[in-house]
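**Student:** Below is one structure. I have some questions about it.
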Amino acid sequence: MIRYLLPASVFMSLVVFLAIGLHRDPTLVPSPLIGKPAPDFRLPHLQEPTRMLTKSDLKGKVSLINVWATWCGACYQEHPVLLALARSRQVSIYGLNWKDQRVPAMKWLEDYGNPYTAVAFDKSGKVGIDWGVYGAPETFVVDRYGIIRYKYIGPLTVDILKQTILPLVDRLRDG
Amino acid sequence: MPLVIQSAPMAPALANRYHALLEELRCLVCQNESLAESNAALATDLRAEIRGMMKRGASNEQIINFLVVRYGDFILYRPPFKPITYLLWLAPFVLAATGLTVLLYKIGQRARREERPLSAQEQNQLRKLLCDGNKD
């Protein structure tokens, strides 16, 4: 009996592992920055080039950092979700305008609405590299001590907000 | 027309080290391409960053560490040997050793079986079969 059961069980466990592997999305690379302090940055405001936005502006409250650009189609898709979130006033959203151009980015916010408390302008993309950004949109949850708690890759949806991000924001605010 | 300023070329030894290192690094956008091959904008930025670090005298370890802190081990084509990758690195050797052990055991078993002399009953049986065969 064992001479049939043993190979069969080895085969079945292989099938299970391969099936799990097939259903994972290889484009979602886990960030090593989760649980670590957010990288320091010092960038000009998108709308006011002479004013600087730094990490200390995030301290003391839970915030979302949303990486976006006008060349990013999925950012257009997620924009209404960000606007709705901003209207609900549940959490402040900071924008990181990544590898973009100032004038089209400002026009985008005028045309489609501005959900951001403030937008940092990362023209060279260096701050993006420090944050481990490899595509837009990406969204980070940073707690009031400046620790990165969560990263979502891809366009935000109402489901993701309701099921994952807002419960996490509530926990971080209370905790 | 924007003014494009070409950066100064690298010294040959540095350029060799640079190209060898790029082959070891995976582009996160086009995941089946190395940083050397990829045309993604991020790969261009990362190449510029690596070039800058090398010109400032950074070692390969420092550059790899810079990238892993930001993007994780995923950026390395050769994952490091650490607890989470023990299974990955060791499983082939464990499987080969297990297979070899089973094979040797089976061969030994067969050899032992063949060495046993035939019993009297088996001798009779054999003789009968051989005689029957001759009649045909």
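Identifiers in the structure tokens: chain A, B, ... in order shown; residue index from 1 per chain; ligand index from 1 in order shown.
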Please identify all polymer residues within 9 Å of A:Cys72, counting only C-alpha atoms, omitting same-chain residues fewer than 2 positions from it, and present them as a PyMOL selection string.

**Tutor:** chain A and resi 68-70+74-76+135-137

**Student:** From the DSSP assignment of the backbone, select every residue of stretch 64-137 of chain A that is strand (DSSP E or B), and format the answer as a list in words.

**Tutor:**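 Of stretch 64-137 of chain A, the ones in strand (DSSP E or B) are Leu64, Ile65, Asn66, Val67, Trp68, Ser92, Ile93, Tyr94, Gly95, Leu96, Asn97, Trp98, Ala118, Val119, Ala120, Phe121 and Asp122 of chain A.
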
**Student:** Just to be explicit: take each residue in the selection above, keep N, CA and C atoms, and write the result as a PDB file, in the first residue's frame.

**Tutor:**
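Writing the result to again.pdb gives the following:
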```
ATOM      1  N   LEU A  64      -1.768  58.706   4.286  1.00  0.00           N
ATOM      2  CA  LEU A  64      -1.508  57.913   3.090  1.00  0.00           C
ATOM      3  C   LEU A  64      -0.555  58.692   2.195  1.00  0.00           C
ATOM      4  N   ILE A  65       0.400  57.983   1.614  1.00  0.00           N
ATOM      5  CA  ILE A  65       1.280  58.597   0.618  1.00  0.00           C
ATOM      6  C   ILE A  65       0.962  57.908  -0.698  1.00  0.00           C
ATOM      7  N   ASN A  66       0.439  58.692  -1.636  1.00  0.00           N
ATOM      8  CA  ASN A  66       0.007  58.132  -2.913  1.00  0.00           C
ATOM      9  C   ASN A  66       0.971  58.576  -4.012  1.00  0.00           C
ATOM     10  N   VAL A  67       1.575  57.568  -4.667  1.00  0.00           N
ATOM     11  CA  VAL A  67       2.522  57.858  -5.748  1.00  0.00           C
ATOM     12  C   VAL A  67       1.746  57.904  -7.063  1.00  0.00           C
ATOM     13  N   TRP A  68       1.846  59.030  -7.770  1.00  0.00           N
ATOM     14  CA  TRP A  68       1.067  59.165  -9.006  1.00  0.00           C
ATOM     15  C   TRP A  68       1.824  59.993 -10.033  1.00  0.00           C
ATOM     16  N   SER A  92      -5.543  61.900   6.043  1.00  0.00           N
ATOM     17  CA  SER A  92      -4.972  62.859   5.079  1.00  0.00           C
ATOM     18  C   SER A  92      -4.134  62.117   4.045  1.00  0.00           C
ATOM     19  N   ILE A  93      -4.272  62.568   2.812  1.00  0.00           N
ATOM     20  CA  ILE A  93      -3.588  61.930   1.692  1.00  0.00           C
ATOM     21  C   ILE A  93      -2.520  62.890   1.175  1.00  0.00           C
ATOM     22  N   TYR A  94      -1.284  62.399   1.151  1.00  0.00           N
ATOM     23  CA  TYR A  94      -0.206  63.179   0.554  1.00  0.00           C
ATOM     24  C   TYR A  94       0.136  62.562  -0.797  1.00  0.00           C
ATOM     25  N   GLY A  95       0.414  63.415  -1.765  1.00  0.00           N
ATOM     26  CA  GLY A  95       0.760  62.920  -3.085  1.00  0.00           C
ATOM     27  C   GLY A  95       2.270  62.964  -3.289  1.00  0.00           C
ATOM     28  N   LEU A  96       2.778  61.948  -3.979  1.00  0.00           N
ATOM     29  CA  LEU A  96       4.164  62.014  -4.459  1.00  0.00           C
ATOM     30  C   LEU A  96       4.066  61.972  -5.973  1.00  0.00           C
ATOM     31  N   ASN A  97       4.221  63.134  -6.587  1.00  0.00           N
ATOM     32  CA  ASN A  97       4.141  63.225  -8.044  1.00  0.00           C
ATOM     33  C   ASN A  97       5.491  62.789  -8.587  1.00  0.00           C
ATOM     34  N   TRP A  98       5.486  61.623  -9.244  1.00  0.00           N
ATOM     35  CA  TRP A  98       6.718  60.868  -9.499  1.00  0.00           C
ATOM     36  C   TRP A  98       7.108  60.929 -10.963  1.00  0.00           C
ATOM     37  N   ALA A 118      -1.183  67.778   0.473  1.00  0.00           N
ATOM     38  CA  ALA A 118      -0.046  68.438  -0.178  1.00  0.00           C
ATOM     39  C   ALA A 118       0.563  67.434  -1.154  1.00  0.00           C
ATOM     40  N   VAL A 119       1.204  67.950  -2.187  1.00  0.00           N
ATOM     41  CA  VAL A 119       1.838  67.081  -3.185  1.00  0.00           C
ATOM     42  C   VAL A 119       3.319  67.435  -3.286  1.00  0.00           C
ATOM     43  N   ALA A 120       4.171  66.417  -3.112  1.00  0.00           N
ATOM     44  CA  ALA A 120       5.613  66.609  -3.287  1.00  0.00           C
ATOM     45  C   ALA A 120       5.956  66.308  -4.738  1.00  0.00           C
ATOM     46  N   PHE A 121       6.867  67.118  -5.295  1.00  0.00           N
ATOM     47  CA  PHE A 121       7.201  67.005  -6.710  1.00  0.00           C
ATOM     48  C   PHE A 121       8.571  66.332  -6.849  1.00  0.00           C
ATOM     49  N   ASP A 122       8.539  65.051  -7.258  1.00  0.00           N
ATOM     50  CA  ASP A 122       9.772  64.250  -7.359  1.00  0.00           C
ATOM     51  C   ASP A 122      10.113  64.066  -8.832  1.00  0.00           C
TER      52      ASP A 122
END
```

**Student:** Pick out the closest residue to chain B from this set: A:Lys123, A:Arg51, A:His79, A:Arg102. Count only C-alpha atoms.

**Tutor:**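 Ranking A:Lys123, A:Arg51, A:His79, A:Arg102 by distance to chain B, first place goes to A:Lys123.
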
**Student:** Pick out the chain A residues within 9 Å of chain B. Count only C-alpha atoms. Give them as a ChimeraX atom specification.

**Tutor:** /A:26-27,29-33,124-126,129-135

**Student:** Using only C-alpha atoms, please write the residues we just selected to a file, as a PDB file, in the first residue's frame.

**Tutor:**
```pdb
ATOM      1  CA  PRO A  26       4.555  37.954  -9.543  1.00  0.00           C
ATOM      2  CA  THR A  27       4.301  41.666 -10.346  1.00  0.00           C
ATOM      3  CA  VAL A  29       6.839  42.600  -5.056  1.00  0.00           C
ATOM      4  CA  PRO A  30       6.619  42.788  -1.245  1.00  0.00           C
ATOM      5  CA  SER A  31       8.263  45.910   0.157  1.00  0.00           C
ATOM      6  CA  PRO A  32      11.105  45.461   2.659  1.00  0.00           C
ATOM      7  CA  LEU A  33      10.176  48.870   4.085  1.00  0.00           C
ATOM      8  CA  SER A 124      14.061  62.953 -10.884  1.00  0.00           C
ATOM      9  CA  GLY A 125      12.355  59.999  -9.176  1.00  0.00           C
ATOM     10  CA  LYS A 126      15.099  59.734  -6.523  1.00  0.00           C
ATOM     11  CA  ILE A 129      13.717  55.001  -5.432  1.00  0.00           C
ATOM     12  CA  ASP A 130      14.291  55.610  -1.715  1.00  0.00           C
ATOM     13  CA  TRP A 131      10.708  54.506  -1.081  1.00  0.00           C
ATOM     14  CA  GLY A 132      11.145  51.416  -3.244  1.00  0.00           C
ATOM     15  CA  VAL A 133       8.618  52.643  -5.817  1.00  0.00           C
ATOM     16  CA  TYR A 134       8.710  50.667  -9.056  1.00  0.00           C
ATOM     17  CA  GLY A 135       5.455  51.726 -10.685  1.00  0.00           C
TER      18      GLY A 135
END
```

**Student:** Between atom CA of B:Tyr77 and atom CA of A:Pro155, what is the spacing in Å?

**Tutor:**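 One can read the atom CA of A:Pro155 to atom CA of B:Tyr77 distance as 27.8 Å.
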
**Student:** Nearest residue to B:Leu76 out of B:Leu25, B:Ala20, B:Leu35, B:Met53, using only C-alpha atoms?

**Tutor:**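 Among the listed residues, B:Leu25 lies closest to B:Leu76.
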
**Student:** With DSSP run on the backbone, what are the alpha helix (DSSP H) residues within stretch 73-128 of chain B? I'd like them as a PDB file with C-alpha atoms, in the first residue's frame.

**Tutor:**
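See selection31.pdb below for the written result:
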```pdb
ATOM      1  CA  TYR B  86      17.318  27.367   3.065  1.00  0.00           C
ATOM      2  CA  LEU B  87      14.651  25.174   1.460  1.00  0.00           C
ATOM      3  CA  LEU B  88      15.217  26.758  -1.948  1.00  0.00           C
ATOM      4  CA  TRP B  89      18.980  26.235  -1.887  1.00  0.00           C
ATOM      5  CA  LEU B  90      19.129  22.885  -0.102  1.00  0.00           C
ATOM      6  CA  ALA B  91      16.077  21.048  -1.508  1.00  0.00           C
ATOM      7  CA  PRO B  92      17.851  19.925  -4.740  1.00  0.00           C
ATOM      8  CA  PHE B  93      20.687  18.318  -2.749  1.00  0.00           C
ATOM      9  CA  VAL B  94      18.278  16.737  -0.245  1.00  0.00           C
ATOM     10  CA  LEU B  95      16.131  15.340  -3.083  1.00  0.00           C
ATOM     11  CA  ALA B  96      19.171  14.017  -4.980  1.00  0.00           C
ATOM     12  CA  ALA B  97      20.541  12.384  -1.813  1.00  0.00           C
ATOM     13  CA  THR B  98      17.138  10.825  -1.034  1.00  0.00           C
ATOM     14  CA  GLY B  99      16.823   9.499  -4.582  1.00  0.00           C
ATOM     15  CA  LEU B 100      20.326   8.062  -4.529  1.00  0.00           C
ATOM     16  CA  THR B 101      19.708   6.378  -1.150  1.00  0.00           C
ATOM     17  CA  VAL B 102      16.476   4.778  -2.364  1.00  0.00           C
ATOM     18  CA  LEU B 103      18.179   3.651  -5.579  1.00  0.00           C
ATOM     19  CA  LEU B 104      21.151   2.084  -3.762  1.00  0.00           C
ATOM     20  CA  TYR B 105      18.816   0.384  -1.284  1.00  0.00           C
ATOM     21  CA  LYS B 106      16.714  -1.100  -4.102  1.00  0.00           C
ATOM     22  CA  ILE B 107      19.813  -2.308  -6.000  1.00  0.00           C
ATOM     23  CA  GLY B 108      21.163  -3.876  -2.802  1.00  0.00           C
ATOM     24  CA  GLN B 109      17.832  -5.605  -2.161  1.00  0.00           C
ATOM     25  CA  ARG B 110      17.759  -7.067  -5.649  1.00  0.00           C
ATOM     26  CA  ALA B 111      21.369  -8.263  -5.423  1.00  0.00           C
ATOM     27  CA  ARG B 112      20.656 -10.006  -2.099  1.00  0.00           C
ATOM     28  CA  ARG B 113      17.589 -11.722  -3.580  1.00  0.00           C
ATOM     29  CA  GLU B 114      19.507 -12.984  -6.584  1.00  0.00           C
ATOM     30  CA  GLU B 115      22.316 -14.415  -4.479  1.00  0.00           C
ATOM     31  CA  ALA B 120      14.894 -28.119  -3.615  1.00  0.00           C
ATOM     32  CA  GLN B 121      11.266 -27.443  -4.517  1.00  0.00           C
ATOM     33  CA  GLU B 122      12.277 -24.583  -6.826  1.00  0.00           C
ATOM     34  CA  GLN B 123      14.925 -26.833  -8.445  1.00  0.00           C
ATOM     35  CA  ASN B 124      12.229 -29.414  -9.217  1.00  0.00           C
ATOM     36  CA  GLN B 125       9.948 -26.768 -10.624  1.00  0.00           C
ATOM     37  CA  LEU B 126      12.737 -25.461 -12.811  1.00  0.00           C
ATOM     38  CA  ARG B 127      13.637 -28.920 -14.097  1.00  0.00           C
ATOM     39  CA  LYS B 128       9.993 -29.647 -14.922  1.00  0.00           C
TER      40      LYS B 128
END
```

**Student:** Can you pull out the residues contacting stretch 171-174 of chain A? Cut-off 9 Å, using only C-alpha atoms, and skip same-chain residues under 6 positions away; I want them as a VMD selection string.

**Tutor:** chain A and resid 61 to 62 143 to 144 149

**Student:** Could you check how far atom CA of A:Leu109 sits from atom CA of A:Gln47, in Å to one decimal?

**Tutor:** 10.1 Å
